[in-house]
Structure formats: C-alpha cells, structure tokens
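See below for the structure under consideration.
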Amino acid sequence: MNKATNITLKQAAEYLTEHDYFLILSHANPDGDTEGCAYGLCGALQRLGKKARIACSDPLSERFSYMEEAVEKQQFEENCVISVDVADRSLLGDLEEKYGDKIDLAIDHHISHRPFARRIYVDDSAAAACEIIYDLVKLLGANCLDEKNAKCLYTGIATDTGCFKFGNTTKYTHQKAGELMEYGFDAAALNYLLFDMKTKARIGLERYVFENLEFFAEDKGAAIALSKEILDKVDIEDVNGISALPRQIQGVEVGIVLKEKDDGWKVSLRSNCVNVQEICSHFGGGGHIRAAGCTIKTADAEEAKRLIKEEAAKAIEKLLK
C-alpha cells in the first residue's frame with residue numbers, strides 16, 4: 001500500500017492545478033454521490049483546459065444519464081488518478097486490480113475510510129462527498145462551474161441526504177445546495193426525477209420487498225434478501241433506492257437489504273438511531289453512522305441474513321437498554 005499523506009483541501013486544489021491529465025474513479029454500484037463527484041469534478045477540470053475522464057466498474061444509471069452532458073469524452077494517458085467517494089479500494093470493483101495501488105488522491109467523506117491513496121482528503125462531517133468537491137472546485141477558480149456540472153454536484157448532495165431529510169443534513173448542506181441552484185438548472189424537475197419518479201420495475205421491486213420483509217428483534221429490525229434474478233430486472237439506481245424502504249416502517253430502527261453478488265451478499269443498512277457502521281465493521285464493512293454497508297461472503301441467503309440480523313439485534317438491544 002502507498003504511504004498515505006493527509007492533505008488540506010487547498011493542497012488538493014494546488015495538486016490539481018499542477019497536473020493536466022486526470023482519471024477520476026467512482027465506486028462500484030455507483031450512486032448519485034460518487035457519480036455526481038466524478039462528473040462534476042471532471043467537467044470542472046475540463047473547463048480549466050485540462051484533460052479528464054471518468055472510469056467506473058459499473059455503468060451509469062439511466063436515471064443519471066444527464067450527467068454525461070457535463071463532460072466531453074477525451075482519450076489520453078493519465079498522469080494523475082483520483083478516487084471520489086470511495087471509502088476502501090475494494091469498492092472500486094473490477095478497477096481495483098488495475099488502479100488500487102496507483103491512486104494519487106482520494107477525496108471522501110466516510111468515517112470508515114481506509115487509506116489507500118498517496119494523498120487523502122477526508123471530511124466525515126460532510127453530508128455528501130459532492131459537498132467537498134463543490135468546495136474544491138471553488139478553490140480552482142470561478143469559471144470551473146456551469147449549469148451542467150453544478151447539476152451533477154447538486155445530485156450528489158440531494159441523494160446522499162434523501163432530499164435533505166436524513167440526519168446528516170446540516171445548514172451547510174442547504175447553503176451549498178442553494179448556491180448550486182443559482183447556476184440555473186431546474187431543481188424541481190431534477191428532484192422529481194431523483195425522488196418521485198418510479199419505473200414500473202421499481203414499483204414491482206417495492207411490492208416484492210414489502211411482501212417478503214422479515215421482521216426481527218421485536219419488530220425493531222426488518223430485512224429482505226434480493227437475488228440476482230430479481231436484481232437483473234431493474235436499473236441500478238432503482239436498486240440503490242430500495243435500501244431506505246425498510247427503515248420507513250413505523251417502529252423499525254434498522255432496515256437491512258441484502259443483494260446477491262458473485263462473491264456473496266452485499267448488505268446495506270439504514271437506521272434512525274442505531275450506529276449501523278459499527279454493525280458493518282464486524283464484517284469488514286463501513287460507511288456512516290446511519291447508513292453503512294458490508295459484504296457477507298456466503299452463497300446461502302439464509303445464512304447471510306442470520307449473520308447480519310444477529311449483529312443488528314445486538315445493537316438494537318443495546319440501544320433499548
């Protein structure tokens with residue numbers, strides 16, 4: 001592993017100013033924050049006259065296709081590799097083998113960040129990594145932002161805060177979102193696309209989740225396992241949005257969604273008051289206090305559910321004492 005150096009945001013801006021050929025990596029199973037960071041930063045660097053492109057092991061969700069308008073497609077040999085919203089190099093997916101030990105700068109907001117880059121800037125008080133990228137872009141110059149990449153950065157902030165409803169939302173979150181709105185994109189239309197519009201496939205997935213939820217810990221926990229057969233029928237962002245559903249049920253303190261992968265089950269936890277990052281740490285995972293994830297390496301859905309439910313039940317019992 002590279003020897004990691006923690007740097008300031010100003011130093012990160014200086015580093016970007018000094019280089020010209022950038023590859024920006026987002027995490028596998030991309031969400032609005034990692035893609036908003038990637039496209040927002042890529043567009044800003046291109047507006048500075050630099051070469052920049054984006055790589056992710058998984059395709060961009062159709063719901064986020066508008067982000068592609070913020071960047072030009074460029075082909076070149078990079079001399080600087082940046083990761084955005086990546087808490088652990090393993091989250092790079094198929095890109096880890098090629099780039100895992102070649103990342104020059106990591107920008108992240110996860111409290112569970114495991115150092116893997118030569119230079120690191122982590123602010124775990126930021127509600128979204130896009131908050132950090134916005135501050136970084138402002139340091140690069142007034143001309144780095146336009147309507148299109150401001151829209152990308154707003155997307156990351158809005159999605160990682162549940163449209164500003166989650167407990168990670170701060171007054172600075174609202175301030176930054178408001179400043180980004182001044183660039184002129186239609187925020188109401190974007191919020192409808194991100195939070196209200198549902199495909200028929202998403203409606204079907206929600207129906208399946210609610211019909212098959214398993215309650216535990218005196219109904220304080222709720223869990224659902226989704227097989228690859230089910231997941232392959234829906235867009236990746238429709239799947240990402242499912243993670244919040246169990247937590248919406250009255251009385252549920254921990255919601256758990258397990259998604260089948262080739263190497264086991266990817267688990268997403270959401271909570272109102274339980275520290276789910278601690279739960280996920282038992283399985284080598286991490287994230288945030290109220291939203292975290294891990295992978296349980298077993299092919300057996302029932303075994304995976306049993307393991308994660310046991311740890312969640314302990315956390316719930318501890319909270320209720």
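The chains in the structure tokens are called A, B, ... from first to last as shown; in each chain the residues are counted from 1, and the ligands are counted from 1 in the order shown.
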
Practice item. Find the residues near A:Ala4: any atom within 6 Å, counting only C-alpha atoms, skip ones fewer than 5 places away on the same chain, and give them as a PyMOL selection string. Key: chain A and resi 117-119

Keeping only N, CA and C atoms, write the selected residues as a PDB file, in the first residue's frame.
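Output (part_0.pdb):
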```pdb
ATOM      1  N   ALA A 117      -4.654   5.741  -0.863  1.00  0.00           N
ATOM      2  CA  ALA A 117      -4.077   6.653  -1.852  1.00  0.00           C
ATOM      3  C   ALA A 117      -2.832   7.341  -1.294  1.00  0.00           C
ATOM      4  N   ARG A 118      -2.052   7.934  -2.180  1.00  0.00           N
ATOM      5  CA  ARG A 118      -0.852   8.668  -1.763  1.00  0.00           C
ATOM      6  C   ARG A 118      -1.225   9.933  -0.996  1.00  0.00           C
ATOM      7  N   ARG A 119      -2.301  10.575  -1.436  1.00  0.00           N
ATOM      8  CA  ARG A 119      -2.787  11.792  -0.776  1.00  0.00           C
ATOM      9  C   ARG A 119      -4.254  11.596  -0.443  1.00  0.00           C
TER      10      ARG A 119
END
```

Exercise for review: Just the residues within 8 Å of A:Cys294, please, counting only C-alpha atoms, with nothing from its chain fewer than 3 positions along; format it as a VMD selection string.
Suggested key: chain A and resid 266 to 268 280 to 281 283 to 286

Point to revise | Contacts of A:Val86 at 8 Å (only C-alpha atoms; same-chain gap of 6+ positions) as a VMD selection string | key: chain A and resid 26 to 27 34 92 106 to 108 113

Practice item. Please provide the set of residues having any atom within 8 Å of stretch 141-145 of chain A, restricted to only C-alpha atoms, with same-chain residues fewer than 6 positions apart removed, written as a list in words. Key: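 Once the adjacent positions are removed, what remains is Gly43, Ala44, Leu45, Arg47 and Leu48 of chain A.
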
I need the residues from that last selection saved to file as a PDB file, in the first residue's frame (with C-alpha atoms), if you can.
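Result went into part.pdb, see below:
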```pdb
ATOM      1  CA  GLY A  43     -16.373  18.912 -16.053  1.00  0.00           C
ATOM      2  CA  ALA A  44     -14.665  21.484 -13.834  1.00  0.00           C
ATOM      3  CA  LEU A  45     -11.176  20.259 -14.793  1.00  0.00           C
ATOM      4  CA  ARG A  47     -13.306  23.855 -18.157  1.00  0.00           C
ATOM      5  CA  LEU A  48      -9.844  24.678 -16.814  1.00  0.00           C
TER       6      LEU A  48
END
```

Exercise for review: Calculate how many Å separate atom CA of A:Leu95 from atom CA of A:Ile279, rounding to one decimal.
Suggested key: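 Computing the Euclidean distance for atom CA of A:Leu95 and atom CA of A:Ile279 yields 26.9 Å.
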
Review point. For A:Tyr154, which residue out of A:Glu229, A:Glu96, A:Lys73, A:Asp33 is the nearest one, using only C-alpha atoms?
Key: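 Nearest candidate to A:Tyr154 out of A:Glu229, A:Glu96, A:Lys73, A:Asp33: A:Asp33.
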